[in-house]
Structures are given as C-alpha cells and as structure tokens.
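Only one structure is covered here, and it is reproduced in the block below.
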Amino acid sequence: MPAVVEVDPSLDPFRPENLADPYPFYARLRELGPVLYLPSRKMYLATTHGAVDTALRDFRTFSSAAGAGYPVCTASRGGGVRRTKALNAALVRAPRLTGRLARFTMDRIGGRVLKRDPDPVEAPFIGTDPPQHTNNRRAVQPFFSKDAIEAAVPMVRRHVADLVDQSLSRKTIDAVEMFSAELPTRVIADFTGVRAPTDRALRGSEGIFDIMGPDPALSSCQHAAHALGWLLSDGVADLPDDSACMGRQIMEHGGATGASGSLAAGFDRAVGLFSIWVAALDTTACLIGNMLNAFADHPDQWQRLRENPDLAEVAVEEALRFDSPIRAFFRTTTNDAVLCGVSIPGESRVATMFASANRDSDVYTDPDTFDIGRRSNPHLSFGASIHLCLGAPLARLEATVLLRELLARVKFIERTSPGVRTTNSTTRGFRSLPLALVSA
C-alpha cells in the first residue's frame, strides 16, 4: 500500500491565496493524489470525486459526530456535555428568560467565546451519526417533502417577481444585495417563520460557516454569536402564532406533526431550528451569486439557455458543480481506515473537498467548462448519503424560479465592474456583484 503524500503549508486549503483562487489549486492537489496529508493542520485531504463520495457514504468509518467543521465539537467531551446539559435544562424550565440571558451574553462576549471555542455545541443534523441523526432528520424531513416544496412555489415566485421588477427599474444592480441576500432571507422567513433583518441574517449565517474553518476572524465569531443569541430570544419569541409554522412546530413539538422522529426539548430544538435557518441562507446566497456570475462570464451560455429554457433545471445543477457553494466539510475516522488505497489512522480529521471533487476530470469531460447542457452531473455540492443537504430542494427551487423569471425578461447579463468575493473558509460566494440586466 503506497505511503500517503504529505503536502507542505503552501497547499493548505485555508490559506488566503488558495481560498481566493481555488480551482487551479484543487487541480494541483488532485494531481498529487486522491488523499493527501497536511501535517501543519494534522488533517487529511480527500481531493477527488471518488475519495469524497466514498468518505461521505461510509458514515460508519468517516463520522460526523465530532463536527463537520475543522474545530472538533467540544460538546462531545466531558466539560462540553455538562455545559450543554445545564443550558438545555435552563431552556426547558424557562425558555424566555434563558433566551434573553443568552442574547445578552452573546451580544457582549459571545464573539470571544466562539473565538476560543468555535464549535461548542452539537449540531443535530450535520454533526451527528445514526441512530441519533436518523431520529433528528426524520423529525424535520416532512418540511422538505416534495409536497411541501411544491406548496412553496407560489411564495417563491412572488418574491422572485418582485425582486426582478425592482432590478429592471435600475441601470445597474448589486446582484448580492438584490438577489443573493434578499431572496433567501425572504424565502426562509416565510418557510420557517424566523424573520430577521436581511443584514443580520446573512452576516450571522456567513459567520457560522466561517467559524467552521480554522482561525476564524473575531468579526465572524461576533456575527455568529449575535445571530444565535437573537434566535434564542426574539427569533423564537416572535414566531407566528400558527400551528402550521415550521419554527413553532419544531420548538413546541420537536418537529413536524406526525413525523417519525422528534428533537429533544430544549437546546436540540433551538439549535435544530437555527441550523435549518442558517444553512438556508449563506449556501443559497452563494449558489445564486455564483450562478449569475457564471452567466455574466459566459454570455454564450445565457443565450443558449434563452433559446432552450427547458434547460433551466440542468443549468442550476451545472452552476452548483461549476462553482460549489461549499468548499469542504470534515469527517473523523472511527478506526484505522483505507481511502482510495491510502491508510488513515483512527481519530483523524478528513477534509472532504466538495468543490475539488466537482472539477475531477476522471468524472467530468472538460470540468473547467461551464456547460448548461451537461447531463451527466453527479456533483457533490449538497453532499451525499445520509447527510445529503436537507434544504437542497428549497435551494434548487429558489435558483430555478429566479433563472426562469430572468430568462423571460432579461436579454443580457452584463458585468459592470469586478465582483468582490467573500473570504469565508467554508463557503464560496460574493460580497458584491455589480451587474446590468438588459431587458428583453
């Protein structure tokens, strides 16, 4: 069995230059091997489609229980367990008072707390293994069923039409402000009942994903802390008084009515709702911004799509593959393992590099080409197996409805100045994306 290839710190995925220009960097990694070892971070890198897909599907060997980010979840240790139990008991006994105290604390020192311990609590979906994960997922799966997503179509169309109306009344737009930030915020507010101002929602969501990488900025920790404190207080307190409200069903009953699983009372329910809300914001914002940027860079593909509007859903899948919203998530080996012929010791952290897998030339013809007619497209942007993204159907709906509305009303998508990328360590998106939409 070949020895693992060790790579030097210049090939650290979290270095600013590699975050800024990732695809040539990923190609370099794949050339070195499907599984590499980065001693400076004490982590393994799964770089190819085969390596990432195998790790995601073998959840017994490549566990999520220590967290899906780079920092190991401290709730899996003695002190973290005791802290979580104490907070959970307080939330069960006095939810409103505990929520207000949590917001007070998070607003003042939460950023420093998360800077010191970026992953202090167990995430009930992305950070658990079966059987707990199975129960937790079943508790909320009905909210994302085919019927539930179909019921959301008129709501999404209404928001999309309004935003496109606004955009076409202007000479230029910031597509992040107009679409990437505003559309997911509106949709998830109607979908869950959690209604936060757009800037708070997006900053908090982006902060949560950024602290999943190493060495997060204090500002990211502060935004994440403020968002969690807000949800535990005002966010939960202001949920609509409606038995059909997703947020209310989760907080009061542990999940959807009639579901075969149930989130435990207290912290599991609050963090479960927070996880759904956060995940639906930044990742969908990145999908929409990356998709519009790809069309601005490839006007031939926009014209092709206008001539063949039935390709809209296929085009969304290609946008997901071409410029993945998620860079990488982590797993931890439960025992000594072999991945693509490479030995990995037990208790090792493994970065499953989604965005690299999506450009693997062993799977995709011309992987660096944006091709909206690509039919064979087993991309991993939403993960795979039991941890396949819960909100993927809603994100696809938002992107597809937006694309169809723009197709009907926009002749050209033109770049007016260079966009500004975020520096997030887990997601890849835009801080601003100036565009001109030329009416059809």
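As shown in the structure tokens, the chain order sets the letters A, B, ...; within each chain, residues go from 1, and ligands are also counted from 1 in the order they appear.
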
### Query
Can you tell me, as an NGL selection string, what residues are no more than 12 Å from Met106 (chain A) when counting only C-alpha atoms, ignoring any on the same chain fewer than 2 positions away?
:A and (98-104 or 108-114 or 221-233)

Residues just named, written with N, CA and C atoms as an mmCIF file, in the first residue's frame:
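Saved as part.cif:
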```cif
data_model
loop_
_atom_site.group_PDB
_atom_site.id
_atom_site.type_symbol
_atom_site.label_atom_id
_atom_site.label_comp_id
_atom_site.auth_asym_id
_atom_site.auth_seq_id
_atom_site.Cartn_x
_atom_site.Cartn_y
_atom_site.Cartn_z
ATOM 1 N N THR A 98 -34.166 32.327 29.653
ATOM 2 C CA THR A 98 -32.883 31.800 29.191
ATOM 3 C C THR A 98 -32.511 32.404 27.844
ATOM 4 N N GLY A 99 -33.497 32.565 26.965
ATOM 5 C CA GLY A 99 -33.238 33.178 25.670
ATOM 6 C C GLY A 99 -32.748 34.604 25.803
ATOM 7 N N ARG A 100 -33.378 35.366 26.699
ATOM 8 C CA ARG A 100 -32.953 36.763 26.892
ATOM 9 C C ARG A 100 -31.543 36.828 27.479
ATOM 10 N N LEU A 101 -31.260 35.946 28.447
ATOM 11 C CA LEU A 101 -29.918 35.910 29.038
ATOM 12 C C LEU A 101 -28.878 35.492 27.994
ATOM 13 N N ALA A 102 -29.273 34.540 27.133
ATOM 14 C CA ALA A 102 -28.353 34.092 26.083
ATOM 15 C C ALA A 102 -28.040 35.231 25.125
ATOM 16 N N ARG A 103 -29.062 36.012 24.771
ATOM 17 C CA ARG A 103 -28.810 37.130 23.864
ATOM 18 C C ARG A 103 -27.919 38.177 24.510
ATOM 19 N N PHE A 104 -28.192 38.482 25.775
ATOM 20 C CA PHE A 104 -27.368 39.460 26.492
ATOM 21 C C PHE A 104 -25.912 39.018 26.500
ATOM 22 N N ARG A 108 -22.528 40.495 24.092
ATOM 23 C CA ARG A 108 -21.406 41.161 24.764
ATOM 24 C C ARG A 108 -20.100 40.366 24.706
ATOM 25 N N ILE A 109 -20.162 39.090 24.954
ATOM 26 C CA ILE A 109 -18.905 38.331 24.977
ATOM 27 C C ILE A 109 -18.948 37.094 24.079
ATOM 28 N N GLY A 110 -20.058 36.904 23.348
ATOM 29 C CA GLY A 110 -20.200 35.698 22.540
ATOM 30 C C GLY A 110 -19.128 35.547 21.482
ATOM 31 N N GLY A 111 -18.703 36.671 20.896
ATOM 32 C CA GLY A 111 -17.666 36.601 19.878
ATOM 33 C C GLY A 111 -16.374 36.037 20.427
ATOM 34 N N ARG A 112 -15.991 36.486 21.622
ATOM 35 C CA ARG A 112 -14.753 35.991 22.232
ATOM 36 C C ARG A 112 -14.901 34.534 22.650
ATOM 37 N N VAL A 113 -16.110 34.156 23.099
ATOM 38 C CA VAL A 113 -16.359 32.755 23.465
ATOM 39 C C VAL A 113 -16.181 31.852 22.257
ATOM 40 N N LEU A 114 -16.774 32.247 21.119
ATOM 41 C CA LEU A 114 -16.667 31.424 19.915
ATOM 42 C C LEU A 114 -15.272 31.484 19.298
ATOM 43 N N CYS A 221 -16.954 35.446 14.424
ATOM 44 C CA CYS A 221 -17.425 34.892 15.694
ATOM 45 C C CYS A 221 -18.499 35.790 16.307
ATOM 46 N N GLN A 222 -18.315 37.094 16.200
ATOM 47 C CA GLN A 222 -19.307 38.025 16.749
ATOM 48 C C GLN A 222 -20.628 37.933 15.997
ATOM 49 N N HIS A 223 -20.573 37.888 14.677
ATOM 50 C CA HIS A 223 -21.803 37.789 13.893
ATOM 51 C C HIS A 223 -22.531 36.479 14.191
ATOM 52 N N ALA A 224 -21.784 35.383 14.305
ATOM 53 C CA ALA A 224 -22.400 34.089 14.620
ATOM 54 C C ALA A 224 -23.039 34.121 15.996
ATOM 55 N N ALA A 225 -22.346 34.690 16.975
ATOM 56 C CA ALA A 225 -22.878 34.759 18.340
ATOM 57 C C ALA A 225 -24.130 35.625 18.399
ATOM 58 N N HIS A 226 -24.113 36.769 17.724
ATOM 59 C CA HIS A 226 -25.275 37.662 17.722
ATOM 60 C C HIS A 226 -26.485 36.972 17.093
ATOM 61 N N ALA A 227 -26.255 36.214 16.010
ATOM 62 C CA ALA A 227 -27.366 35.528 15.343
ATOM 63 C C ALA A 227 -27.976 34.464 16.247
ATOM 64 N N LEU A 228 -27.140 33.684 16.941
ATOM 65 C CA LEU A 228 -27.668 32.645 17.834
ATOM 66 C C LEU A 228 -28.399 33.275 19.006
ATOM 67 N N GLY A 229 -27.813 34.323 19.593
ATOM 68 C CA GLY A 229 -28.495 34.994 20.697
ATOM 69 C C GLY A 229 -29.831 35.576 20.268
ATOM 70 N N TRP A 230 -29.878 36.179 19.076
ATOM 71 C CA TRP A 230 -31.132 36.742 18.567
ATOM 72 C C TRP A 230 -32.181 35.652 18.382
ATOM 73 N N LEU A 231 -31.791 34.522 17.793
ATOM 74 C CA LEU A 231 -32.785 33.477 17.555
ATOM 75 C C LEU A 231 -33.324 32.920 18.861
ATOM 76 N N LEU A 232 -32.459 32.699 19.863
ATOM 77 C CA LEU A 232 -32.915 32.146 21.134
ATOM 78 C C LEU A 232 -33.848 33.098 21.872
ATOM 79 N N SER A 233 -33.785 34.391 21.551
ATOM 80 C CA SER A 233 -34.652 35.368 22.232
ATOM 81 C C SER A 233 -35.758 35.839 21.302
#
```

### Task
Fewer than 6 positions away in the same chain doesn't count, so skip those; otherwise give me all residues within 6 Å of region 258-272 of chain A, counting only C-alpha atoms, as a PyMOL selection string.
chain A and resi 88+91-92+124+135-136+138-139+251

### Task
Might you pull out every residue within 6 Å of region 426-428 of chain A, with only C-alpha atoms counted and same-chain residues fewer than 2 positions away left off, and present them as a PyMOL selection string?
chain A and resi 209-210+325-327+424

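CA of Arg374 (chain A) sits 29.3 Å away from CA of Ile173 (chain A).
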
### Task
Among the residues of region 219-289 of chain A, find those DSSP assigns to helix (DSSP H, G or I) from the backbone and print them as number ranges by chain.
A: 219-237, 246-253, 267-289

### Message
Using only C-alpha atoms, which protein or nucleic acid residues come within 8 Å of Ser432 (chain A)? Drop anything in the same chain fewer than 4 positions from it, and give the result as a list in words.
### Response
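Listed by chain and then number, they are Asp174, Ala175, Val176, Glu177, Gly419, Val420 and Arg421 of chain A.
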
Would you mind exporting N, CA and C atoms of the selected residues as a short mmCIF file (atom, residue, chain, number, x, y, z; two decimals), in the first residue's frame?
```
data_model
loop_
_atom_site.label_atom_id
_atom_site.label_comp_id
_atom_site.auth_asym_id
_atom_site.auth_seq_id
_atom_site.Cartn_x
_atom_site.Cartn_y
_atom_site.Cartn_z
N ASP A 174 -26.50 45.57 -7.62
CA ASP A 174 -25.61 44.66 -6.93
C ASP A 174 -26.40 43.37 -6.76
N ALA A 175 -26.02 42.34 -7.51
CA ALA A 175 -26.79 41.10 -7.51
C ALA A 175 -26.79 40.43 -6.15
N VAL A 176 -25.80 40.71 -5.31
CA VAL A 176 -25.81 40.17 -3.95
C VAL A 176 -26.92 40.82 -3.15
N GLU A 177 -26.95 42.14 -3.18
CA GLU A 177 -27.99 42.87 -2.43
C GLU A 177 -29.38 42.55 -2.96
N GLY A 419 -16.63 41.78 -9.41
CA GLY A 419 -17.26 41.44 -8.14
C GLY A 419 -16.21 41.28 -7.04
N VAL A 420 -16.67 41.31 -5.81
CA VAL A 420 -15.80 41.13 -4.65
C VAL A 420 -16.21 39.85 -3.95
N ARG A 421 -15.29 38.92 -3.84
CA ARG A 421 -15.57 37.65 -3.20
C ARG A 421 -15.50 37.77 -1.67
#
```

### Task
Tell me, in Å to one decimal, how far CA of Pro184 (chain A) is from CA of Glu398 (chain A).
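Value for the CA of Pro184 (chain A)-CA of Glu398 (chain A) distance: 7.6 Å.
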
### Query
Can you list, as a PyMOL selection string, every protein, DNA or RNA residue that comes within 12 Å of Ala3 (chain A) when you count only C-alpha atoms, leaving out same-chain residues fewer than 6 positions away?
chain A and resi 33+35-37+338+340-344

#### Entry: Shell around Ser63 (chain A) at 10 Å using only C-alpha atoms, local window under 2 positions removed, as a list in words
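Using only C-alpha atoms, the neighbours found are Ala55, Leu56, Asp58, Phe59, Arg60, Thr61, Ala65, Ala66, Gly67, Ala68, Gly127, Thr128, Asp129, Pro130, Phe330, Arg331, Thr332, Thr333, Thr334, Asn335, Glu347, Arg349 and Val350 of chain A.
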